[in-house]
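Text of the file upload_3.cif, holding mmCIF, C-alpha atoms:
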```
data_protein
#
loop_
_atom_site.label_atom_id
_atom_site.label_comp_id
_atom_site.auth_asym_id
_atom_site.auth_seq_id
_atom_site.Cartn_x
_atom_site.Cartn_y
_atom_site.Cartn_z
CA MET I 1287 -108.82 94.99 22.86
CA ASN I 1288 -106.44 97.04 20.71
CA ALA I 1289 -103.15 97.22 22.59
CA ILE I 1290 -101.65 99.18 19.68
CA LEU I 1291 -103.65 101.31 17.28
CA GLY I 1292 -102.05 103.55 14.67
CA THR I 1293 -104.20 105.60 12.31
CA SER I 1294 -102.88 107.29 9.15
CA LEU I 1295 -99.40 107.74 10.61
CA SER I 1296 -96.93 109.79 8.59
CA LYS I 1297 -93.39 110.80 9.41
CA SER I 1298 -90.89 112.97 7.55
CA PHE I 1299 -87.27 113.78 8.31
CA GLN I 1300 -86.37 117.05 6.62
CA HIS I 1301 -87.52 116.55 3.00
CA TYR I 1302 -87.64 112.73 3.16
CA GLN I 1303 -90.96 111.09 3.93
CA VAL I 1304 -90.41 107.79 5.71
CA LEU I 1305 -94.03 106.90 6.45
CA LYS I 1306 -97.19 108.01 4.67
CA GLU I 1307 -100.60 107.36 6.22
CA VAL I 1308 -99.82 103.92 7.65
CA SER I 1309 -102.53 102.32 9.80
CA ILE I 1310 -102.04 99.24 11.96
CA SER I 1311 -103.60 97.54 14.98
CA VAL I 1312 -102.32 94.83 17.30
CA GLN I 1313 -104.49 93.06 19.84
CA ALA I 1314 -103.59 92.21 23.42
CA GLY I 1315 -102.09 88.72 23.52
CA GLU I 1316 -101.00 88.91 19.90
CA CYS I 1317 -97.61 88.89 18.16
CA TYR I 1318 -97.55 90.95 14.99
CA ALA I 1319 -94.49 90.50 12.74
CA LEU I 1320 -93.60 93.39 10.45
CA PHE I 1321 -91.46 92.74 7.37
CA GLY I 1322 -90.18 95.20 4.79
CA PRO I 1323 -87.08 96.30 2.90
CA ASN I 1324 -84.39 98.44 4.46
CA GLY I 1325 -85.58 102.02 4.70
CA ALA I 1326 -89.26 101.10 4.58
CA GLY I 1327 -89.90 102.83 7.92
CA LYS I 1328 -90.29 99.81 10.20
CA THR I 1329 -87.97 101.14 12.89
CA THR I 1330 -89.49 104.61 12.60
CA LEU I 1331 -92.96 103.14 13.16
CA LEU I 1332 -91.80 101.30 16.28
CA ARG I 1333 -90.13 104.43 17.63
CA ILE I 1334 -93.33 106.40 17.11
CA PHE I 1335 -95.29 103.83 19.10
CA ALA I 1336 -92.55 103.89 21.76
CA THR I 1337 -93.00 107.71 21.98
CA LEU I 1338 -89.41 108.34 20.83
CA HIS I 1339 -90.53 109.99 17.57
CA ARG I 1340 -93.53 112.25 17.18
CA PRO I 1341 -95.52 111.55 14.01
CA SER I 1342 -95.74 114.34 11.45
CA SER I 1343 -99.43 113.53 11.17
CA GLY I 1344 -101.87 110.85 12.22
CA SER I 1345 -102.61 109.46 15.66
CA PHE I 1346 -101.90 106.41 17.78
CA GLU I 1347 -103.06 104.77 20.99
CA ILE I 1348 -101.33 102.37 23.33
CA MET I 1349 -103.62 100.42 25.66
CA GLY I 1350 -106.34 102.98 24.99
CA MET I 1351 -104.11 105.95 25.87
CA ASP I 1352 -103.38 108.74 23.41
CA GLY I 1353 -99.76 108.31 22.32
CA LYS I 1354 -99.10 112.01 21.88
CA ARG I 1355 -101.04 113.44 24.81
CA ASP I 1356 -100.32 110.70 27.38
CA ARG I 1357 -96.67 109.95 26.62
CA VAL I 1358 -95.61 109.56 30.24
CA LYS I 1359 -98.41 107.10 31.01
CA VAL I 1360 -97.73 105.19 27.80
CA ARG I 1361 -94.08 104.74 28.74
CA ASP I 1362 -95.14 102.98 31.94
CA VAL I 1363 -96.68 100.09 29.98
CA ILE I 1364 -94.25 99.62 27.08
CA TYR I 1365 -90.72 98.36 26.52
CA LEU I 1366 -88.56 98.62 23.40
CA ILE I 1367 -85.67 96.36 22.52
CA GLY I 1368 -83.93 98.22 19.72
CA HIS I 1369 -80.66 98.04 17.83
CA GLY I 1370 -78.66 99.72 20.60
CA SER I 1371 -77.94 98.07 23.94
CA TYR I 1372 -78.32 101.27 26.00
CA LEU I 1373 -76.07 99.86 28.71
CA TYR I 1374 -73.61 101.55 31.05
CA ASP I 1375 -70.26 99.95 30.26
CA ASP I 1376 -68.83 100.32 33.77
CA LEU I 1377 -71.84 98.75 35.47
CA SER I 1378 -72.16 95.02 35.86
CA VAL I 1379 -74.93 93.03 34.23
CA LYS I 1380 -76.87 92.97 37.50
CA GLU I 1381 -76.27 96.67 38.16
CA ASN I 1382 -77.54 97.58 34.68
CA ILE I 1383 -80.75 95.71 35.43
CA GLN I 1384 -81.12 97.35 38.84
CA PHE I 1385 -80.62 100.81 37.33
CA ALA I 1386 -82.95 100.33 34.35
CA ILE I 1387 -85.77 98.95 36.45
CA GLY I 1388 -85.09 101.26 39.39
CA ILE I 1389 -85.91 104.33 37.29
CA ARG I 1390 -89.32 102.76 36.77
CA GLY I 1391 -89.81 102.82 40.51
CA TRP I 1392 -89.32 99.14 41.20
CA ASN I 1393 -86.44 97.30 42.88
CA PRO I 1394 -86.37 93.62 41.89
CA THR I 1395 -85.05 91.12 44.42
CA GLU I 1396 -81.81 89.20 43.97
CA ALA I 1397 -83.86 86.07 43.33
CA GLU I 1398 -85.94 87.78 40.63
CA ILE I 1399 -82.86 89.11 38.87
CA LYS I 1400 -81.16 85.72 39.01
CA LYS I 1401 -84.24 83.99 37.59
CA ALA I 1402 -84.44 86.41 34.66
CA LEU I 1403 -80.72 86.16 33.88
CA ASP I 1404 -80.79 82.38 34.10
CA GLN I 1405 -83.82 82.31 31.81
CA VAL I 1406 -81.89 84.14 29.08
CA GLY I 1407 -78.73 82.14 29.67
CA ILE I 1408 -76.37 84.72 31.17
CA GLY I 1409 -76.83 84.11 34.91
CA ARG I 1410 -73.15 83.30 35.41
CA PHE I 1411 -72.17 86.72 34.05
CA ALA I 1412 -74.18 88.74 36.58
CA ARG I 1413 -71.09 90.44 38.03
CA LEU I 1414 -69.32 91.03 34.71
CA ARG I 1415 -69.07 94.62 33.48
CA SER I 1416 -71.30 95.05 30.46
CA ARG I 1417 -68.41 96.44 28.36
CA TYR I 1418 -67.16 92.86 28.06
CA LEU I 1419 -70.42 91.40 26.74
CA SER I 1420 -70.79 90.29 23.14
CA ALA I 1421 -73.60 91.73 21.02
CA GLY I 1422 -75.64 88.58 21.55
CA MET I 1423 -75.16 88.69 25.33
CA LYS I 1424 -76.24 92.33 25.37
CA LYS I 1425 -79.40 91.33 23.51
CA ARG I 1426 -80.02 88.63 26.11
CA LEU I 1427 -79.61 91.22 28.86
CA SER I 1428 -82.23 93.41 27.19
CA ILE I 1429 -84.61 90.45 27.12
CA ALA I 1430 -83.95 89.81 30.82
CA LYS I 1431 -85.00 93.41 31.55
CA ALA I 1432 -88.22 92.86 29.61
CA LEU I 1433 -88.94 89.67 31.56
CA LEU I 1434 -88.66 91.61 34.82
CA ILE I 1435 -90.60 94.66 33.63
CA ARG I 1436 -93.40 92.59 32.03
CA PRO I 1437 -94.72 95.39 29.81
CA LYS I 1438 -98.24 95.38 28.42
CA VAL I 1439 -96.71 96.14 25.01
CA LEU I 1440 -93.31 94.89 23.85
CA PHE I 1441 -91.58 96.30 20.77
CA LEU I 1442 -88.79 94.25 19.19
CA ASP I 1443 -86.72 95.88 16.46
CA GLU I 1444 -84.95 93.00 14.70
CA GLY I 1445 -85.39 90.86 17.78
CA TYR I 1446 -83.34 87.94 16.43
CA ALA I 1447 -80.34 90.05 15.45
CA SER I 1448 -77.03 89.00 17.10
CA LEU I 1449 -78.58 85.86 18.65
CA ASP I 1450 -77.26 82.36 18.06
CA GLU I 1451 -79.57 79.38 17.46
CA ARG I 1452 -80.22 78.82 21.15
CA GLY I 1453 -80.75 82.54 21.59
CA VAL I 1454 -83.38 82.57 18.86
CA GLY I 1455 -85.19 79.71 20.57
CA MET I 1456 -84.98 81.53 23.89
CA MET I 1457 -86.36 84.69 22.29
CA ASN I 1458 -89.35 82.79 20.93
CA GLU I 1459 -90.02 81.23 24.33
CA CYS I 1460 -90.05 84.71 25.82
CA ILE I 1461 -92.37 86.05 23.10
CA ARG I 1462 -94.78 83.20 23.79
CA SER I 1463 -94.67 83.91 27.52
CA PHE I 1464 -95.58 87.54 26.86
CA THR I 1465 -98.48 86.85 24.52
CA GLN I 1466 -99.82 84.04 26.71
CA ALA I 1467 -99.86 86.52 29.60
CA GLY I 1468 -101.91 88.95 27.49
CA SER I 1469 -99.17 91.32 26.34
CA ALA I 1470 -98.95 92.53 22.75
CA VAL I 1471 -95.72 92.11 20.78
CA LEU I 1472 -94.92 94.14 17.66
CA MET I 1473 -91.69 93.01 16.06
CA THR I 1474 -89.74 93.94 12.94
CA THR I 1475 -87.89 91.06 11.39
CA HIS I 1476 -86.30 89.57 8.28
CA ASP I 1477 -86.16 86.02 9.69
CA ARG I 1478 -89.15 84.12 8.37
CA GLY I 1479 -88.39 80.73 9.93
CA PRO I 1480 -88.35 81.60 13.64
CA THR I 1481 -91.00 84.28 13.12
CA ALA I 1482 -93.45 81.65 11.87
CA ASP I 1483 -93.26 79.90 15.24
CA VAL I 1484 -94.61 82.87 17.22
CA ALA I 1485 -96.42 85.30 14.91
CA HIS I 1486 -100.20 85.49 14.92
CA ARG I 1487 -100.33 88.09 12.16
CA VAL I 1488 -97.88 89.29 9.54
CA GLY I 1489 -97.60 92.57 7.68
CA VAL I 1490 -95.29 93.74 4.90
CA LEU I 1491 -94.46 97.45 4.86
CA ASN I 1492 -93.18 98.64 1.50
CA ARG I 1493 -93.32 102.18 0.12
CA SER I 1494 -95.71 103.18 2.92
CA VAL I 1495 -98.19 100.48 1.96
CA LEU I 1496 -98.88 97.94 4.70
CA THR I 1497 -100.15 94.64 3.32
CA GLU I 1498 -101.26 91.87 5.65
CA ILE I 1499 -100.57 88.27 4.67
CA SER I 1500 -101.06 84.93 6.40
CA VAL I 1501 -98.28 83.27 8.34
CA LYS I 1502 -98.42 80.40 5.84
CA ASP I 1503 -97.96 82.74 2.88
CA MET I 1504 -95.12 84.47 4.70
CA VAL I 1505 -93.28 81.16 4.97
CA THR I 1506 -93.91 79.89 1.44
CA ALA I 1507 -93.55 83.10 -0.58
CA ASP I 1508 -90.51 83.29 -2.85
CA ALA I 1509 -90.07 86.94 -1.83
CA LEU I 1510 -92.07 89.22 0.43
CA PHE I 1511 -91.07 92.48 -1.24
#
```
Represent the structure contained in this file as structure tokens.
Amino acid sequence: MNAILGTSLSKSFQHYQVLKEVSISVQAGECYALFGPNGAGKTTLLRIFATLHRPSSGSFEIMGMDGKRDRVKVRDVIYLIGHGSYLYDDLSVKENIQFAIGIRGWNPTEAEIKKALDQVGIGRFARLRSRYLSAGMKKRLSIAKALLIRPKVLFLDEGYASLDERGVGMMNECIRSFTQAGSAVLMTTHDRGPTADVAHRVGVLNRSVLTEISVKDMVTADALF
């Protein structure tokens, strides 16, 4: 089943065209890694799928739902971990989780929150205000939210950014847990090593041309773009 399906997607900002007729599909239970140079439109593509940008033309579906017509329903089954932390500085780590998941209509138990925070390695900071977290700890908190939400489709924009070696390993364990449970993961990345451990398919987006390559070729290529 196509968890993500984009057909001839284009996006322009003022007079600058970021994407031009890009098509992509990601199956349920699959991790698709998207490479490309800065400015290629990788983040824009993820934000379109996350219903944060409306495409200038083209169409997309998430879990069989029309991404433009059924935006509210789509948002119930997706989760995006982007460049920003989107945290409330004066709320604690635990309170940020309770707020973020509460607006989705679900109140996780203390035990569920503790398990998620322990899984990403920040359980002992549950009562710390998020303003005091490092960039890597904020990324871990975002992953903890995803573990509790368990979206059908997870978008990771530079998922390894700000993470230390243990954090990268933890991220890959989480990606595997999502795909093994049947969720689709679409991630942008520049880190070939850790990506090779979890990616089922690889694409290179460059000048609005999406070229699929094997994981093996991704690892061994001198340069991808």
Open item on the list: I'd like to see the residues matched by the PyMOL selection byres ((chain I and resi 1343-1351) around 7) on this file, and ideally I'd get them as a PyMOL selection string.
Closed with: chain I and resi 1288-1297+1341-1342+1352-1353+1356+1360
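Shortest atom-to-atom contact with Lys1425 of chain I among I:Lys1438, I:Arg1390, I:Lys1401, I:His1369: I:His1369, counting only C-alpha atoms.
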- [ ] Using only C-alpha atoms, give me every residue within 10 Å of (-77.9, 87.1, 23.3) in file coordinates, as a PyMOL selection string.
- [x] chain I and resi 1406-1408+1419-1429+1446-1454+1456-1457
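When only C-alpha atoms are used to compute distances to Ile1367 of chain I, the closest of the residues I:Arg1462, I:Lys1431, I:Arg1493, I:Arg1487 turns out to be I:Lys1431.
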- [ ] Quick one: everything within 12 Å of Gln1384 of chain I, counting all atoms listed in the file, minus sequence neighbours fewer than 6 positions away in the same chain. Send it as a PyMOL selection string.
- [x] chain I and resi 1373-1374+1377-1378+1390-1396+1398-1400+1412+1427+1430-1431+1434-1435
Open item on the list: Show me the residues close to (-92.5, 82.5, 19.1) - anything with an atom within 9 Å, counting all atoms listed in the file - and format the list as a ChimeraX atom specification.
Closed with: /I:1317,1455-1463,1480-1485
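Nearest residue to Ile1499 of chain I among I:Tyr1365, I:Tyr1318, I:Tyr1372, I:Tyr1418 is I:Tyr1318, counting only C-alpha atoms.
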Determine the axis-aligned bounding box of all atoms of segment 1488-1497 of chain I present in the file, pad each side by 4 Å, and express its centre and edge lengths in Å to one decimal place as AutoDock Vina command-line options.
```
--center_x -96.7 --center_y 96.2 --center_z 4.8 --size_x 15.0 --size_y 21.9 --size_z 17.4
```
Since the input lacks some atoms of segment 1303-1332 of chain I, please model N, CA and C atoms and print them as a PDB file, in the frame of the given file.
```
ATOM      1  N   GLN I1303     -89.808 111.682   3.261  1.00  0.00           N
ATOM      2  CA  GLN I1303     -90.960 111.090   3.930  1.00  0.00           C
ATOM      3  C   GLN I1303     -90.727 109.599   4.121  1.00  0.00           C
ATOM      4  N   VAL I1304     -90.678 109.194   5.375  1.00  0.00           N
ATOM      5  CA  VAL I1304     -90.410 107.790   5.710  1.00  0.00           C
ATOM      6  C   VAL I1304     -91.702 106.994   5.752  1.00  0.00           C
ATOM      7  N   LEU I1305     -92.733 107.556   6.351  1.00  0.00           N
ATOM      8  CA  LEU I1305     -94.030 106.900   6.450  1.00  0.00           C
ATOM      9  C   LEU I1305     -95.107 107.815   5.886  1.00  0.00           C
ATOM     10  N   LYS I1306     -96.083 107.226   5.219  1.00  0.00           N
ATOM     11  CA  LYS I1306     -97.190 108.010   4.670  1.00  0.00           C
ATOM     12  C   LYS I1306     -98.511 107.301   4.931  1.00  0.00           C
ATOM     13  N   GLU I1307     -99.247 107.816   5.901  1.00  0.00           N
ATOM     14  CA  GLU I1307    -100.600 107.360   6.220  1.00  0.00           C
ATOM     15  C   GLU I1307    -100.674 105.838   6.417  1.00  0.00           C
ATOM     16  N   VAL I1308     -99.832 105.345   7.318  1.00  0.00           N
ATOM     17  CA  VAL I1308     -99.820 103.920   7.650  1.00  0.00           C
ATOM     18  C   VAL I1308    -100.747 103.670   8.836  1.00  0.00           C
ATOM     19  N   SER I1309    -101.623 102.697   8.712  1.00  0.00           N
ATOM     20  CA  SER I1309    -102.530 102.320   9.800  1.00  0.00           C
ATOM     21  C   SER I1309    -102.290 100.861  10.172  1.00  0.00           C
ATOM     22  N   ILE I1310    -102.313 100.587  11.469  1.00  0.00           N
ATOM     23  CA  ILE I1310    -102.040  99.240  11.960  1.00  0.00           C
ATOM     24  C   ILE I1310    -102.680  99.065  13.323  1.00  0.00           C
ATOM     25  N   SER I1311    -103.078  97.839  13.633  1.00  0.00           N
ATOM     26  CA  SER I1311    -103.600  97.540  14.980  1.00  0.00           C
ATOM     27  C   SER I1311    -103.056  96.187  15.417  1.00  0.00           C
ATOM     28  N   VAL I1312    -102.793  96.076  16.715  1.00  0.00           N
ATOM     29  CA  VAL I1312    -102.320  94.830  17.300  1.00  0.00           C
ATOM     30  C   VAL I1312    -103.132  94.588  18.565  1.00  0.00           C
ATOM     31  N   GLN I1313    -103.661  93.398  18.687  1.00  0.00           N
ATOM     32  CA  GLN I1313    -104.490  93.060  19.840  1.00  0.00           C
ATOM     33  C   GLN I1313    -103.651  92.620  21.033  1.00  0.00           C
ATOM     34  N   ALA I1314    -104.220  92.755  22.215  1.00  0.00           N
ATOM     35  CA  ALA I1314    -103.590  92.210  23.420  1.00  0.00           C
ATOM     36  C   ALA I1314    -103.459  90.698  23.256  1.00  0.00           C
ATOM     37  N   GLY I1315    -102.316  90.153  23.644  1.00  0.00           N
ATOM     38  CA  GLY I1315    -102.090  88.720  23.520  1.00  0.00           C
ATOM     39  C   GLY I1315    -101.688  88.266  22.136  1.00  0.00           C
ATOM     40  N   GLU I1316    -101.310  89.226  21.287  1.00  0.00           N
ATOM     41  CA  GLU I1316    -101.000  88.910  19.900  1.00  0.00           C
ATOM     42  C   GLU I1316     -99.576  89.324  19.558  1.00  0.00           C
ATOM     43  N   CYS I1317     -98.926  88.536  18.697  1.00  0.00           N
ATOM     44  CA  CYS I1317     -97.610  88.890  18.160  1.00  0.00           C
ATOM     45  C   CYS I1317     -97.779  89.240  16.689  1.00  0.00           C
ATOM     46  N   TYR I1318     -97.436  90.460  16.362  1.00  0.00           N
ATOM     47  CA  TYR I1318     -97.550  90.950  14.990  1.00  0.00           C
ATOM     48  C   TYR I1318     -96.129  91.124  14.446  1.00  0.00           C
ATOM     49  N   ALA I1319     -95.818  90.431  13.350  1.00  0.00           N
ATOM     50  CA  ALA I1319     -94.490  90.500  12.740  1.00  0.00           C
ATOM     51  C   ALA I1319     -94.535  91.421  11.530  1.00  0.00           C
ATOM     52  N   LEU I1320     -93.632  92.384  11.509  1.00  0.00           N
ATOM     53  CA  LEU I1320     -93.600  93.390  10.450  1.00  0.00           C
ATOM     54  C   LEU I1320     -92.345  93.209   9.601  1.00  0.00           C
ATOM     55  N   PHE I1321     -92.552  92.888   8.332  1.00  0.00           N
ATOM     56  CA  PHE I1321     -91.460  92.740   7.370  1.00  0.00           C
ATOM     57  C   PHE I1321     -91.410  93.969   6.460  1.00  0.00           C
ATOM     58  N   GLY I1322     -90.312  94.111   5.745  1.00  0.00           N
ATOM     59  CA  GLY I1322     -90.180  95.200   4.790  1.00  0.00           C
ATOM     60  C   GLY I1322     -88.734  95.430   4.446  1.00  0.00           C
ATOM     61  N   PRO I1323     -88.466  96.043   3.306  1.00  0.00           N
ATOM     62  CA  PRO I1323     -87.080  96.300   2.900  1.00  0.00           C
ATOM     63  C   PRO I1323     -86.425  97.335   3.790  1.00  0.00           C
ATOM     64  N   ASN I1324     -85.119  97.414   3.728  1.00  0.00           N
ATOM     65  CA  ASN I1324     -84.390  98.440   4.460  1.00  0.00           C
ATOM     66  C   ASN I1324     -84.874  99.817   4.033  1.00  0.00           C
ATOM     67  N   GLY I1325     -85.124 100.676   5.010  1.00  0.00           N
ATOM     68  CA  GLY I1325     -85.580 102.020   4.700  1.00  0.00           C
ATOM     69  C   GLY I1325     -87.079 102.151   4.530  1.00  0.00           C
ATOM     70  N   ALA I1326     -87.811 101.060   4.758  1.00  0.00           N
ATOM     71  CA  ALA I1326     -89.260 101.100   4.580  1.00  0.00           C
ATOM     72  C   ALA I1326     -89.975 101.888   5.679  1.00  0.00           C
ATOM     73  N   GLY I1327     -89.292 102.089   6.815  1.00  0.00           N
ATOM     74  CA  GLY I1327     -89.900 102.830   7.920  1.00  0.00           C
ATOM     75  C   GLY I1327     -90.326 101.967   9.093  1.00  0.00           C
ATOM     76  N   LYS I1328     -89.882 100.718   9.124  1.00  0.00           N
ATOM     77  CA  LYS I1328     -90.290  99.810  10.200  1.00  0.00           C
ATOM     78  C   LYS I1328     -89.799 100.306  11.556  1.00  0.00           C
ATOM     79  N   THR I1329     -88.520 100.648  11.632  1.00  0.00           N
ATOM     80  CA  THR I1329     -87.970 101.140  12.890  1.00  0.00           C
ATOM     81  C   THR I1329     -88.617 102.457  13.288  1.00  0.00           C
ATOM     82  N   THR I1330     -88.837 103.327  12.322  1.00  0.00           N
ATOM     83  CA  THR I1330     -89.490 104.610  12.600  1.00  0.00           C
ATOM     84  C   THR I1330     -90.877 104.386  13.195  1.00  0.00           C
ATOM     85  N   LEU I1331     -91.621 103.427  12.646  1.00  0.00           N
ATOM     86  CA  LEU I1331     -92.960 103.140  13.160  1.00  0.00           C
ATOM     87  C   LEU I1331     -92.890 102.666  14.606  1.00  0.00           C
ATOM     88  N   LEU I1332     -91.952 101.764  14.909  1.00  0.00           N
ATOM     89  CA  LEU I1332     -91.800 101.300  16.280  1.00  0.00           C
ATOM     90  C   LEU I1332     -91.436 102.436  17.218  1.00  0.00           C
TER      91      LEU I1332
END
```
